[in-house]
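Peer 1: File coords.cif below, mmCIF, C-alpha atoms and all ligand atoms:
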data_work
loop_
_atom_site.label_atom_id
_atom_site.label_comp_id
_atom_site.auth_asym_id
_atom_site.auth_seq_id
_atom_site.Cartn_x
_atom_site.Cartn_y
_atom_site.Cartn_z
CA MET A 1 10.33 -4.36 -15.77
CA LEU A 2 11.63 -2.76 -12.56
CA LYS A 3 13.98 -4.96 -10.55
CA VAL A 4 15.33 -3.77 -7.22
CA SER A 5 17.82 -6.08 -5.48
CA ASN A 6 19.11 -5.74 -1.93
CA LEU A 7 18.99 -1.94 -2.00
CA ARG A 8 20.68 -0.13 0.92
CA LYS A 9 20.84 3.53 1.79
CA ARG A 10 21.97 5.08 5.07
CA PHE A 11 22.09 8.63 6.36
CA ALA A 12 23.89 10.30 9.23
CA GLY A 13 21.22 11.02 11.89
CA HIS A 14 20.94 14.20 14.00
CA GLU A 15 23.15 12.86 16.76
CA GLY A 16 25.79 11.33 14.54
CA GLN A 17 24.12 7.89 14.56
CA THR A 18 23.63 5.95 11.32
CA VAL A 19 20.06 5.74 10.05
CA HIS A 20 19.51 2.68 7.86
CA ALA A 21 16.75 4.26 5.80
CA VAL A 22 16.64 1.38 3.29
CA ASP A 23 18.01 -1.87 4.61
CA GLY A 24 18.15 -4.61 1.99
CA VAL A 25 15.02 -3.98 -0.06
CA SER A 26 14.25 -6.28 -3.03
CA PHE A 27 11.20 -6.46 -5.29
CA ASN A 28 10.15 -6.80 -8.93
CA VAL A 29 7.43 -4.91 -10.75
CA PRO A 30 6.17 -6.60 -13.94
CA GLN A 31 5.38 -4.56 -17.07
CA GLY A 32 2.14 -2.59 -16.81
CA LYS A 33 1.55 -3.26 -13.12
CA LEU A 34 1.17 -0.83 -10.23
CA PHE A 35 3.30 -1.73 -7.24
CA THR A 36 2.96 0.17 -3.95
CA LEU A 37 5.42 0.76 -1.14
CA LEU A 38 3.23 1.16 1.94
CA GLY A 39 4.29 1.93 5.49
CA PRO A 40 4.32 4.46 8.31
CA SER A 41 6.23 7.73 8.19
CA GLY A 42 9.99 7.21 8.21
CA CYS A 43 9.93 3.56 7.06
CA GLY A 44 12.05 4.33 3.97
CA LYS A 45 9.49 4.47 1.15
CA THR A 46 10.52 7.83 -0.27
CA THR A 47 14.23 7.04 0.01
CA THR A 48 13.67 3.81 -1.95
CA LEU A 49 11.81 5.75 -4.64
CA ARG A 50 14.46 8.50 -4.78
CA CYS A 51 17.21 5.88 -5.22
CA ILE A 52 15.27 4.37 -8.14
CA ALA A 53 14.78 7.84 -9.64
CA GLY A 54 18.51 8.53 -9.31
CA LEU A 55 17.97 11.46 -6.91
CA GLU A 56 19.85 9.59 -4.15
CA GLN A 57 22.82 7.29 -4.58
CA ALA A 58 22.35 4.05 -2.66
CA HIS A 59 25.13 2.39 -0.64
CA GLY A 60 24.41 -1.09 -1.85
CA GLY A 61 22.34 -3.18 -4.23
CA GLU A 62 21.23 -2.96 -7.80
CA ILE A 63 18.39 -1.36 -9.76
CA ALA A 64 17.38 -2.35 -13.29
CA VAL A 65 14.72 -0.65 -15.42
CA ASP A 66 13.54 -2.57 -18.47
CA ASN A 67 16.53 -4.93 -18.25
CA ARG A 68 19.02 -2.05 -18.15
CA VAL A 69 21.03 -1.72 -14.95
CA VAL A 70 20.72 1.94 -13.91
CA PHE A 71 22.46 1.50 -10.58
CA SER A 72 24.82 -1.14 -9.27
CA HIS A 73 26.97 -0.60 -6.22
CA ASP A 74 29.22 -3.57 -6.93
CA ARG A 75 29.64 -2.79 -10.63
CA ASN A 76 29.94 0.95 -10.03
CA VAL A 77 27.04 1.87 -12.32
CA HIS A 78 25.18 5.12 -11.66
CA ILE A 79 23.11 6.36 -14.60
CA PRO A 80 22.02 9.97 -13.93
CA ALA A 81 18.34 10.64 -13.18
CA HIS A 82 17.49 12.25 -16.53
CA ALA A 83 18.83 9.26 -18.48
CA ARG A 84 16.86 6.56 -16.62
CA GLY A 85 13.64 6.84 -18.65
CA ILE A 86 11.57 7.52 -15.53
CA GLY A 87 8.66 9.94 -15.01
CA MET A 88 7.81 11.28 -11.58
CA VAL A 89 4.82 12.79 -9.81
CA PHE A 90 5.35 14.07 -6.29
CA GLN A 91 3.13 15.11 -3.41
CA SER A 92 3.74 18.79 -4.11
CA TYR A 93 3.19 18.43 -7.81
CA ALA A 94 4.36 21.99 -8.39
CA ILE A 95 2.32 23.29 -11.28
CA TRP A 96 4.06 26.37 -12.66
CA PRO A 97 1.41 29.02 -12.02
CA HIS A 98 2.61 31.60 -14.54
CA MET A 99 2.39 29.13 -17.43
CA SER A 100 -0.52 27.75 -19.42
CA VAL A 101 -1.48 24.10 -19.22
CA PHE A 102 0.29 23.53 -22.56
CA GLU A 103 3.49 25.25 -21.40
CA ASN A 104 3.55 23.28 -18.15
CA VAL A 105 3.73 20.05 -20.12
CA ALA A 106 6.03 21.47 -22.81
CA PHE A 107 8.59 22.79 -20.33
CA PRO A 108 10.41 19.49 -19.66
CA LEU A 109 10.81 19.04 -23.43
CA ARG A 110 12.07 22.59 -23.94
CA VAL A 111 14.80 22.21 -21.30
CA SER A 112 15.64 18.65 -22.29
CA LYS A 113 19.15 17.83 -23.57
CA GLN A 114 17.42 16.12 -26.45
CA ARG A 115 16.39 18.80 -28.98
CA TYR A 116 12.74 18.76 -30.07
CA SER A 117 11.30 20.76 -32.98
CA ARG A 118 8.29 23.03 -32.36
CA ALA A 119 6.02 20.63 -34.23
CA GLU A 120 7.34 17.68 -32.24
CA ILE A 121 6.75 19.47 -28.95
CA GLU A 122 3.20 20.34 -29.95
CA THR A 123 2.42 16.76 -30.98
CA ARG A 124 3.87 15.28 -27.80
CA VAL A 125 2.23 17.79 -25.43
CA LEU A 126 -1.21 17.45 -27.00
CA ALA A 127 -0.90 13.66 -26.94
CA ALA A 128 0.06 13.72 -23.25
CA LEU A 129 -2.84 16.05 -22.43
CA GLU A 130 -5.25 13.82 -24.37
CA ARG A 131 -4.09 10.82 -22.41
CA VAL A 132 -5.17 12.43 -19.15
CA HIS A 133 -8.32 13.95 -20.69
CA LEU A 134 -7.09 17.55 -20.56
CA GLY A 135 -6.87 18.03 -24.35
CA SER A 136 -9.40 20.87 -24.39
CA TYR A 137 -7.65 22.76 -21.56
CA ALA A 138 -4.31 23.36 -23.31
CA GLY A 139 -4.67 27.15 -23.49
CA ARG A 140 -5.94 27.63 -19.96
CA GLU A 141 -3.87 29.12 -17.14
CA ALA A 142 -2.66 26.24 -15.01
CA THR A 143 -3.96 27.84 -11.81
CA LYS A 144 -7.49 27.91 -13.25
CA LEU A 145 -7.69 24.12 -13.12
CA SER A 146 -9.37 22.28 -10.22
CA GLY A 147 -7.22 20.29 -7.78
CA GLY A 148 -7.97 17.03 -9.58
CA GLN A 149 -7.21 18.55 -12.98
CA GLN A 150 -3.90 19.96 -11.69
CA GLN A 151 -3.08 16.49 -10.49
CA ARG A 152 -3.75 15.10 -13.97
CA LEU A 153 -1.65 17.92 -15.44
CA ALA A 154 1.26 16.80 -13.25
CA LEU A 155 0.73 13.31 -14.60
CA ALA A 156 0.73 14.57 -18.22
CA ARG A 157 4.00 16.37 -17.51
CA ALA A 158 5.51 13.16 -16.17
CA LEU A 159 4.26 11.22 -19.20
CA VAL A 160 5.38 13.63 -21.92
CA HIS A 161 8.80 11.97 -22.20
CA GLU A 162 7.04 8.60 -22.61
CA PRO A 163 8.85 7.09 -19.64
CA LYS A 164 9.21 3.36 -19.21
CA LEU A 165 8.46 3.69 -15.51
CA LEU A 166 6.32 6.12 -13.54
CA LEU A 167 7.11 6.94 -9.91
CA LEU A 168 4.36 8.46 -7.78
CA ASP A 169 5.10 9.71 -4.26
CA GLU A 170 1.91 10.38 -2.28
CA PRO A 171 0.44 12.14 -5.33
CA LEU A 172 -3.05 12.44 -3.84
CA SER A 173 -2.22 13.62 -0.36
CA ASN A 174 -2.80 17.32 -1.08
CA LEU A 175 -6.36 16.71 -2.27
CA ASP A 176 -9.44 16.79 -0.03
CA ALA A 177 -11.00 13.46 0.96
CA LYS A 178 -13.75 13.37 -1.69
CA LEU A 179 -11.47 14.34 -4.55
CA ARG A 180 -8.85 11.86 -3.36
CA GLU A 181 -11.41 9.08 -3.57
CA HIS A 182 -12.42 10.17 -7.08
CA MET A 183 -8.78 10.47 -8.20
CA ARG A 184 -8.07 6.94 -6.97
CA PHE A 185 -10.46 5.66 -9.63
CA GLU A 186 -9.05 8.07 -12.21
CA LEU A 187 -5.47 7.04 -11.53
CA LYS A 188 -6.32 3.37 -11.62
CA ARG A 189 -8.12 3.79 -14.94
CA LEU A 190 -5.33 5.88 -16.44
CA GLN A 191 -2.63 3.52 -15.28
CA ARG A 192 -4.49 0.56 -16.77
CA ASP A 193 -5.35 2.35 -20.05
CA LEU A 194 -1.78 3.58 -20.50
CA ASP A 195 -0.35 0.20 -19.48
CA ILE A 196 2.47 2.00 -17.72
CA THR A 197 4.58 0.29 -15.07
CA SER A 198 4.20 2.34 -11.89
CA LEU A 199 5.72 2.48 -8.44
CA TYR A 200 3.47 4.20 -5.92
CA VAL A 201 4.42 5.39 -2.45
CA THR A 202 1.83 6.01 0.25
CA HIS A 203 1.18 5.66 3.96
CA ASP A 204 -2.56 5.38 3.24
CA GLN A 205 -3.58 1.74 3.38
CA VAL A 206 -6.98 2.31 1.73
CA GLU A 207 -5.27 3.98 -1.22
CA ALA A 208 -2.78 1.11 -1.46
CA LEU A 209 -5.52 -1.55 -1.35
CA ALA A 210 -7.60 0.31 -3.96
CA LEU A 211 -4.86 0.99 -6.50
CA SER A 212 -2.25 -1.73 -6.38
CA ASN A 213 -1.61 -4.97 -8.20
CA GLN A 214 0.92 -5.72 -5.46
CA ILE A 215 1.87 -4.06 -2.19
CA ALA A 216 5.11 -4.17 -0.22
CA VAL A 217 4.57 -3.25 3.43
CA MET A 218 7.67 -1.58 4.88
CA LYS A 219 8.91 -0.97 8.41
CA ASP A 220 12.29 0.41 9.54
CA GLY A 221 13.82 0.22 6.06
CA CYS A 222 12.79 -3.43 5.49
CA ILE A 223 9.98 -5.07 3.56
CA GLN A 224 7.71 -7.04 5.89
CA GLN A 225 5.51 -8.64 3.26
CA ILE A 226 4.85 -8.49 -0.48
CA GLY A 227 1.49 -9.60 -1.79
CA THR A 228 -1.72 -8.72 -3.58
CA PRO A 229 -4.04 -6.41 -1.62
CA ARG A 230 -6.15 -9.43 -0.71
CA GLU A 231 -3.17 -11.50 0.47
CA ILE A 232 -1.84 -8.64 2.58
CA TYR A 233 -5.26 -8.05 4.12
CA GLU A 234 -6.39 -11.64 4.61
CA GLN A 235 -3.08 -13.36 5.29
CA PRO A 236 -0.82 -10.83 6.98
CA ALA A 237 2.70 -12.16 7.51
CA ASN A 238 3.11 -10.78 11.02
CA GLN A 239 1.65 -8.65 13.77
CA PHE A 240 2.92 -5.40 12.25
CA VAL A 241 1.23 -6.01 8.89
CA ALA A 242 -2.02 -7.21 10.50
CA ASP A 243 -2.12 -4.10 12.67
CA PHE A 244 -1.05 -1.60 10.02
CA ILE A 245 -3.55 -2.71 7.36
CA GLY A 246 -7.12 -2.17 8.52
CA SER A 247 -8.11 -3.04 12.06
CA THR A 248 -7.92 -6.43 13.67
CA ASN A 249 -8.45 -8.31 16.93
CA PHE A 250 -5.47 -10.04 18.50
CA ILE A 251 -6.06 -13.01 20.80
CA HIS A 252 -2.99 -14.34 22.60
CA GLY A 253 -2.47 -18.06 23.10
CA ASP A 254 -0.26 -21.12 22.96
CA LEU A 255 0.16 -23.22 19.89
CA GLN A 256 -1.42 -26.64 20.38
CA GLY A 257 0.29 -28.32 17.47
CA VAL A 258 0.56 -27.80 13.78
CA SER A 259 -1.43 -30.14 11.70
CA GLY A 260 -0.61 -29.45 8.08
CA ALA A 261 -3.66 -28.86 5.96
CA GLU A 262 -5.96 -28.58 8.97
CA GLY A 263 -4.20 -25.46 10.14
CA TYR A 264 -3.27 -24.47 13.67
CA GLY A 265 -5.01 -24.99 17.01
CA VAL A 266 -4.36 -22.21 19.52
CA ALA A 267 -5.23 -22.49 23.24
CA THR A 268 -6.54 -19.06 24.21
CA GLU A 269 -8.54 -17.57 27.04
CA LEU A 270 -11.67 -18.09 24.92
CA GLY A 271 -10.89 -21.79 24.56
CA ARG A 272 -9.39 -23.45 21.51
CA VAL A 273 -9.28 -21.29 18.37
CA GLN A 274 -8.75 -23.13 15.11
CA CYS A 275 -6.90 -21.08 12.47
CA ALA A 276 -6.86 -22.12 8.81
CA THR A 277 -3.69 -20.17 8.08
CA GLY A 278 -0.61 -19.15 9.98
CA ARG A 279 2.84 -17.65 9.70
CA ILE A 280 4.84 -19.25 12.42
CA GLY A 281 8.48 -20.26 12.81
CA ALA A 282 9.45 -23.82 13.71
CA ASP A 283 10.19 -23.10 17.40
CA THR A 284 7.26 -20.83 18.13
CA SER A 285 4.95 -21.64 21.03
CA LYS A 286 3.46 -18.26 22.00
CA VAL A 287 1.28 -17.00 19.19
CA MET A 288 -1.60 -14.69 18.58
CA VAL A 289 -4.68 -15.10 16.51
CA SER A 290 -5.60 -12.21 14.22
CA VAL A 291 -9.24 -11.94 13.18
CA ARG A 292 -10.75 -8.89 11.48
CA PRO A 293 -13.83 -7.22 13.06
CA GLU A 294 -15.90 -7.74 9.89
CA HIS A 295 -15.22 -11.47 9.98
CA VAL A 296 -16.56 -12.08 13.49
CA VAL A 297 -20.14 -13.37 13.36
CA ILE A 298 -22.52 -12.66 16.25
CA SER A 299 -26.01 -14.11 16.67
CA SER A 300 -28.73 -14.70 19.26
CA THR A 301 -29.04 -18.41 18.46
CA PRO A 302 -26.08 -20.76 17.99
CA PRO A 303 -25.10 -21.18 14.35
CA GLU A 304 -24.50 -24.72 13.09
CA VAL A 305 -20.73 -24.74 13.17
CA ALA A 306 -18.30 -27.29 14.53
CA GLU A 307 -15.52 -25.02 15.77
CA ASN A 308 -14.68 -21.63 17.20
CA LEU A 309 -18.06 -20.95 18.82
CA TYR A 310 -18.16 -19.01 22.10
CA ARG A 311 -20.61 -17.28 24.43
CA GLY A 312 -20.15 -13.53 24.77
CA GLN A 313 -21.81 -10.34 25.87
CA VAL A 314 -22.37 -7.01 24.16
CA LEU A 315 -20.55 -4.21 25.98
CA ASN A 316 -21.31 -1.40 23.59
CA TRP A 317 -22.30 -0.60 20.02
CA ILE A 318 -22.13 2.32 17.61
CA PHE A 319 -24.16 2.77 14.45
CA LEU A 320 -21.97 3.90 11.52
CA GLY A 321 -24.53 4.01 8.70
CA GLU A 322 -23.04 1.35 6.46
CA SER A 323 -22.20 -0.90 9.43
CA THR A 324 -22.70 -1.27 13.18
CA ASP A 325 -19.62 -1.73 15.36
CA PHE A 326 -19.96 -3.80 18.51
CA GLN A 327 -17.61 -4.09 21.42
CA ILE A 328 -18.11 -7.53 22.89
CA ARG A 329 -16.57 -9.55 25.71
CA ILE A 330 -15.82 -13.25 25.94
CA GLY A 331 -14.43 -13.97 29.41
CA ASN A 332 -11.77 -11.30 29.87
CA GLN A 333 -11.15 -10.87 26.17
CA GLU A 334 -12.68 -7.91 24.40
CA LEU A 335 -13.26 -8.04 20.66
CA ARG A 336 -14.44 -5.57 18.05
CA VAL A 337 -17.10 -6.78 15.67
CA ARG A 338 -18.27 -5.04 12.51
CA SER A 339 -21.73 -6.18 11.42
CA HIS A 340 -24.34 -5.34 8.83
CA PRO A 341 -26.33 -2.30 10.03
CA ASP A 342 -29.45 -4.47 10.36
CA VAL A 343 -27.82 -6.50 13.15
CA GLN A 344 -29.10 -5.12 16.44
CA PHE A 345 -28.29 -6.09 20.01
CA SER A 346 -28.70 -3.98 23.12
CA ARG A 347 -25.95 -3.50 25.70
CA GLY A 348 -25.62 -6.47 28.03
CA SER A 349 -27.19 -8.95 25.54
CA ASP A 350 -25.85 -12.50 25.70
CA ILE A 351 -24.76 -13.58 22.23
CA TRP A 352 -23.09 -16.40 20.31
CA VAL A 353 -19.79 -15.49 18.76
CA HIS A 354 -18.31 -17.40 15.83
CA LEU A 355 -14.77 -16.88 14.56
CA PRO A 356 -14.73 -18.64 11.16
CA PRO A 357 -11.47 -20.66 11.11
CA ARG A 358 -10.69 -19.62 7.54
CA ARG A 359 -10.69 -16.01 8.74
CA CYS A 360 -8.37 -16.69 11.70
CA VAL A 361 -4.62 -16.30 11.16
CA ALA A 362 -2.07 -17.57 13.70
CA LEU A 363 0.92 -15.21 13.89
CA ALA A 364 4.21 -15.37 15.75
CA LEU A 365 4.28 -12.93 18.68
CA ALA A 366 6.65 -10.02 18.03
CA GLY A 367 10.10 -11.31 19.02
CA GLU A 368 9.17 -14.98 18.49
CA PRO A 369 10.63 -16.73 15.44
CA GLU A 370 8.89 -16.03 12.16
CA PRO A 371 9.26 -18.38 9.21
CA ALA A 372 12.37 -17.92 7.10
CA ALA A 373 11.68 -16.00 3.89
CA GLY A 374 9.94 -18.17 1.34
CA THR A 375 8.95 -20.86 3.87
CA GLU A 376 5.66 -19.38 5.03
CA THR A 377 3.48 -22.04 6.50
CA ALA A 378 0.12 -20.89 5.26
CA ALA A 379 -1.74 -24.15 5.71
CA VAL A 380 -4.87 -23.39 3.78
CA THR A 381 -5.34 -20.48 1.45
CA THR A 382 -8.62 -18.71 1.77
CA ALA A 383 -10.54 -18.41 -1.44
P1 LIG A 401 7.32 9.75 4.98
O1 LIG A 401 6.06 9.00 4.70
O2 LIG A 401 7.27 10.54 6.25
O3 LIG A 401 7.86 10.52 3.81
P2 LIG A 401 9.17 7.58 4.39
O4 LIG A 401 8.69 6.22 4.69
O5 LIG A 401 9.10 8.04 2.99
O6 LIG A 401 8.45 8.63 5.33
P3 LIG A 401 11.95 8.30 4.26
O7 LIG A 401 11.65 9.73 3.91
O8 LIG A 401 12.44 7.42 3.20
O9 LIG A 401 10.66 7.65 4.92
O10 LIG A 401 12.96 8.28 5.49
C1 LIG A 401 13.50 7.09 6.04
C2 LIG A 401 14.44 7.44 7.17
O11 LIG A 401 15.58 8.12 6.66
C3 LIG A 401 13.85 8.37 8.21
O12 LIG A 401 14.33 8.00 9.47
C4 LIG A 401 14.36 9.73 7.80
O13 LIG A 401 14.45 10.58 8.92
C5 LIG A 401 15.72 9.38 7.24
N1 LIG A 401 16.15 10.34 6.21
C6 LIG A 401 15.57 10.52 4.99
N2 LIG A 401 16.23 11.44 4.27
C7 LIG A 401 17.26 11.86 5.03
C8 LIG A 401 18.35 12.80 4.85
N3 LIG A 401 18.47 13.47 3.71
N4 LIG A 401 19.20 12.96 5.87
C9 LIG A 401 19.10 12.26 7.01
N5 LIG A 401 18.13 11.34 7.24
C10 LIG A 401 17.23 11.14 6.28
#
Could the structure of this file be written out as structure tokens, please?
Ligand code: ATP

Peer 2:
Amino acid sequence: MLKVSNLRKRFAGHEGQTVHAVDGVSFNVPQGKLFTLLGPSGCGKTTTLRCIAGLEQAHGGEIAVDNRVVFSHDRNVHIPAHARGIGMVFQSYAIWPHMSVFENVAFPLRVSKQRYSRAEIETRVLAALERVHLGSYAGREATKLSGGQQQRLALARALVHEPKLLLLDEPLSNLDAKLREHMRFELKRLQRDLDITSLYVTHDQVEALALSNQIAVMKDGCIQQIGTPREIYEQPANQFVADFIGSTNFIHGDLQGVSGAEGYGVATELGRVQCATGRIGADTSKVMVSVRPEHVVISSTPPEVAENLYRGQVLNWIFLGESTDFQIRIGNQELRVRSHPDVQFSRGSDIWVHLPPRRCVALALAGEPEPAAGTETAAVTTA
């Protein structure tokens, strides 16, 4: 539905240097799916979205919406923004305060090049308001809506043209934490009910995991990994992705040989760590093991496991209500562990520590070769 190929956009920086804001970005979004561009500030998410919208002209690549090329550098195609069939919702969703809810949604139709009759405008506006469950608020002043309702109004305004593609740039970031959480569910439900293909931009990893069918993690204008939320979280492609999404423990070591379906053995300070999956280039020797805090298992008696069992000590703990976080030490290596709140150990306790191999991912150290695109060496996929 949306196809972006090798998109490039550069800007002149403050000191005359060239900023490669988008540096060869490619991805596809199938019909009806929500695809998220996720990454830290300045990684090029918004510029990518603005190029797709037609608000920026890219320096290279091609963009097609519903099989129609709307931008092609090589073929000199540049369809203007208003003719791309795209709806947009931005961070500052700019409700017009002096207009009613109805007029806010009607306005894009009234100023449109396409002429709409009064009756047509009314039908379209009421349908758009119904779709976001604001049908009974049509006559209200826009400013008398709650934050969440204003957000839905912005969505209705973006939908009134019946766009083929919806672009959302940090649409929830002006809402307080509780409302943001509620709106995540709302947005997900609306997007699914409306079956509208959507491209979502955020730096909030929880939002991305909650909403997306697929996520592209970006850094310095490039995509680091594309995958489902679970793939991105459980099988990060590199150190950056593992670190950016959630929290993780990194354990440095040397690769002890790759053994196909059995995964990777890594010699670390803890001893040998067996990893079920890995993303490692052919000539890599220095690697690190990434294991999430919630996947580390601690116990007072040794569990019946064949691999990845170590003796450790509790350095500290904090109770967080829905979990207890432990700081533990194995030799000189410190690890964070997130356990069920019922798990209790006092400081200084000697414990058994198990790192389930299927939860351990061997990654190339930054600067070491990573696998060429499409040749990832994930040995075993975790269910
Ligand atoms: P944020 O989450 O902070 O919005 P982002 O990931 O959306 O960040 P972009 O806004 O796309 O990032 O910016 C990517 C890079 O391009 C940054 O280094 C930014 O400073 C630069 N940039 C963006 N727009 C311009 C512009 N109009 N002129 C010069 N540089 C720009």

Peer 1: Work out how far apart CA of Arg115 in chain A and CA of Gln31 in chain A are and give it in Å to one decimal.

Peer 2: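 Distance between the two atoms: 28.4 Å.
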
Peer 1: To check your reading of the model: which residues sit at most 9 Å from ligand LIG 401 (chain A) when counting all atoms listed in the file? Write the answer as an NGL selection string.

Peer 2: :A and (9-14 or 18-22 or 37-50 or 56 or 169-170 or 201-203 or 218-221)

Peer 1: Nearest to Val291 in chain A among A:Phe326, A:Tyr310, A:Phe319, A:Tyr233, with distances taken over all atoms listed in the file: which residue is it?

Peer 2: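 Of A:Phe326, A:Tyr310, A:Phe319, A:Tyr233, the one nearest Val291 in chain A is A:Tyr233, counting all atoms listed in the file.
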
Peer 1: My list of candidates is A:His182, A:Arg347, A:Leu187, A:Phe90. Which is closest to Val132 in chain A when distances are computed with only C-alpha atoms?

Peer 2: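 When distances to Val132 in chain A are compared using only C-alpha atoms, the smallest one comes from A:Leu187.
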
Peer 1: So which residues touch range 92-106 of chain A within 9 Å, counting only C-alpha atoms, skipping near sequence neighbours fewer than 4 positions away, as a JSON list (two decimals) with C-alpha atoms, in the frame of the given file?

Peer 2:
[["chain", "number", "residue", "atom", "x", "y", "z"],
["A", 110, "ARG", "CA", 12.07, 22.59, -23.94],
["A", 111, "VAL", "CA", 14.80, 22.21, -21.30],
["A", 121, "ILE", "CA", 6.75, 19.47, -28.95],
["A", 122, "GLU", "CA", 3.20, 20.34, -29.95],
["A", 124, "ARG", "CA", 3.87, 15.28, -27.80],
["A", 125, "VAL", "CA", 2.23, 17.79, -25.43],
["A", 126, "LEU", "CA", -1.21, 17.45, -27.00],
["A", 128, "ALA", "CA", 0.06, 13.72, -23.25],
["A", 129, "LEU", "CA", -2.84, 16.05, -22.43],
["A", 134, "LEU", "CA", -7.09, 17.55, -20.56],
["A", 137, "TYR", "CA", -7.65, 22.76, -21.56],
["A", 138, "ALA", "CA", -4.31, 23.36, -23.31],
["A", 139, "GLY", "CA", -4.67, 27.15, -23.49],
["A", 140, "ARG", "CA", -5.94, 27.63, -19.96],
["A", 141, "GLU", "CA", -3.87, 29.12, -17.14],
["A", 142, "ALA", "CA", -2.66, 26.24, -15.01],
["A", 143, "THR", "CA", -3.96, 27.84, -11.81],
["A", 145, "LEU", "CA", -7.69, 24.12, -13.12],
["A", 150, "GLN", "CA", -3.90, 19.96, -11.69],
["A", 151, "GLN", "CA", -3.08, 16.49, -10.49],
["A", 153, "LEU", "CA", -1.65, 17.92, -15.44],
["A", 154, "ALA", "CA", 1.26, 16.80, -13.25],
["A", 155, "LEU", "CA", 0.73, 13.31, -14.60],
["A", 156, "ALA", "CA", 0.73, 14.57, -18.22],
["A", 157, "ARG", "CA", 4.00, 16.37, -17.51],
["A", 158, "ALA", "CA", 5.51, 13.16, -16.17],
["A", 159, "LEU", "CA", 4.26, 11.22, -19.20],
["A", 160, "VAL", "CA", 5.38, 13.63, -21.92],
["A", 170, "GLU", "CA", 1.91, 10.38, -2.28],
["A", 171, "PRO", "CA", 0.44, 12.14, -5.33],
["A", 173, "SER", "CA", -2.22, 13.62, -0.36],
["A", 174, "ASN", "CA", -2.80, 17.32, -1.08]]

Peer 1: At a cut-off of 9 Å, can you tabulate as a Markdown table every residue of range 327-364 of chain A near range 262-267 of chain A together with its closest atom pair and the distance in Å to one decimal, using all atoms listed in the file and ordering rows by chain then number?

Peer 2:
| residue | atom | partner | partner_atom | distance |
| --- | --- | --- | --- | --- |
| A:Pro357 | CA | A:Gly263 | CA | 8.8 |
| A:Val361 | CA | A:Tyr264 | CA | 8.7 |
| A:Ala362 | CA | A:Tyr264 | CA | 7.0 |

Peer 1: Could you dump the residues just selected with C-alpha atoms as a compact mmCIF listing (two decimals), keeping the file's coordinate frame?

Peer 2:
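Below you can see selection.txt, which holds the result:
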# COMPACT_ATOMS: atom_id res chain seq x y z
CA PRO A 357 -11.47 -20.66 11.11
CA VAL A 361 -4.62 -16.30 11.16
CA ALA A 362 -2.07 -17.57 13.70

Peer 1: Just give me the gap between CA of Val69 in chain A and CA of Val4 in chain A in Å, one decimal is fine.

Peer 2: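 Between these atoms lies a distance of 9.8 Å.
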
Peer 1: As JSON, numbers by chain, please: the residues near Met288 in chain A (cut-off 12 Å, all atoms listed in the file, same-chain neighbours under 2 positions excluded).

Peer 2: {"A": [238, 239, 242, 248, 249, 250, 251, 252, 253, 254, 255, 264, 265, 266, 267, 268, 269, 273, 274, 275, 278, 279, 280, 284, 285, 286, 290, 291, 360, 361, 362, 363, 364, 365, 366, 368]}

Peer 1: Which residue, A:Asn213, A:Gln313, A:Ser26, A:Gln205, has the smallest gap to Gly227 in chain A when you use all atoms listed in the file?

Peer 2: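 Looking only at the distances to Gly227 in chain A, the closest residue turns out to be A:Asn213.
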
Peer 1: Would you kindly identify which residues have an atom no farther than 7 Å from (11.9, -1.0, -14.7), using only C-alpha atoms and the file's own coordinates, and write them out as a ChimeraX atom specification?

Peer 2: /A:1-3,64-66,164-165

Peer 1: Could you tell me how far CA of His295 in chain A lies from CA of Ala282 in chain A, in Å and to one decimal?

Peer 2: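 Separation between CA of His295 in chain A and CA of Ala282 in chain A: 27.8 Å.
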
Peer 1: Taking (-10.3, 11.0, -20.6) in the file's coordinates, which residues come within 12 Å, counting all atoms listed in the file, written as a ChimeraX atom specification?

Peer 2: /A:127-136,149,152,156,186-187,189-191,193-194

Peer 1: Quick one: of A:Gln333, A:Thr228, A:Thr301, A:Gln344, who's nearest to Ile318 in chain A, counting only C-alpha atoms?

Peer 2: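 Checking each candidate against Ile318 in chain A, we get A:Gln344 as the closest.
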
Peer 1: Need the axis-aligned box for range 17-20 of chain A with 4 Å each side, so what are the centre and edges in Å to one decimal, as JSON?

Peer 2:
{"center_x": 21.8, "center_y": 5.3, "center_z": 11.2, "size_x": 12.6, "size_y": 13.2, "size_z": 14.7}

Peer 1: Excluding same-chain residues fewer than 2 positions from Ile298 in chain A, what lies within 7 Å of it counting all atoms listed in the file, as a list in words?

Peer 2: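 Once the nearby chain positions are removed, what remains is Val296, Ile351, Trp352, Val353 and His354 of chain A.
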
Peer 1: Which residue out of A:Gly281, A:Gly54, A:Pro80, A:Gly87 has the minimum interatomic distance to Leu199 in chain A when all atoms listed in the file are used?

Peer 2: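 Closest residue, counting all atoms listed in the file: A:Gly87.
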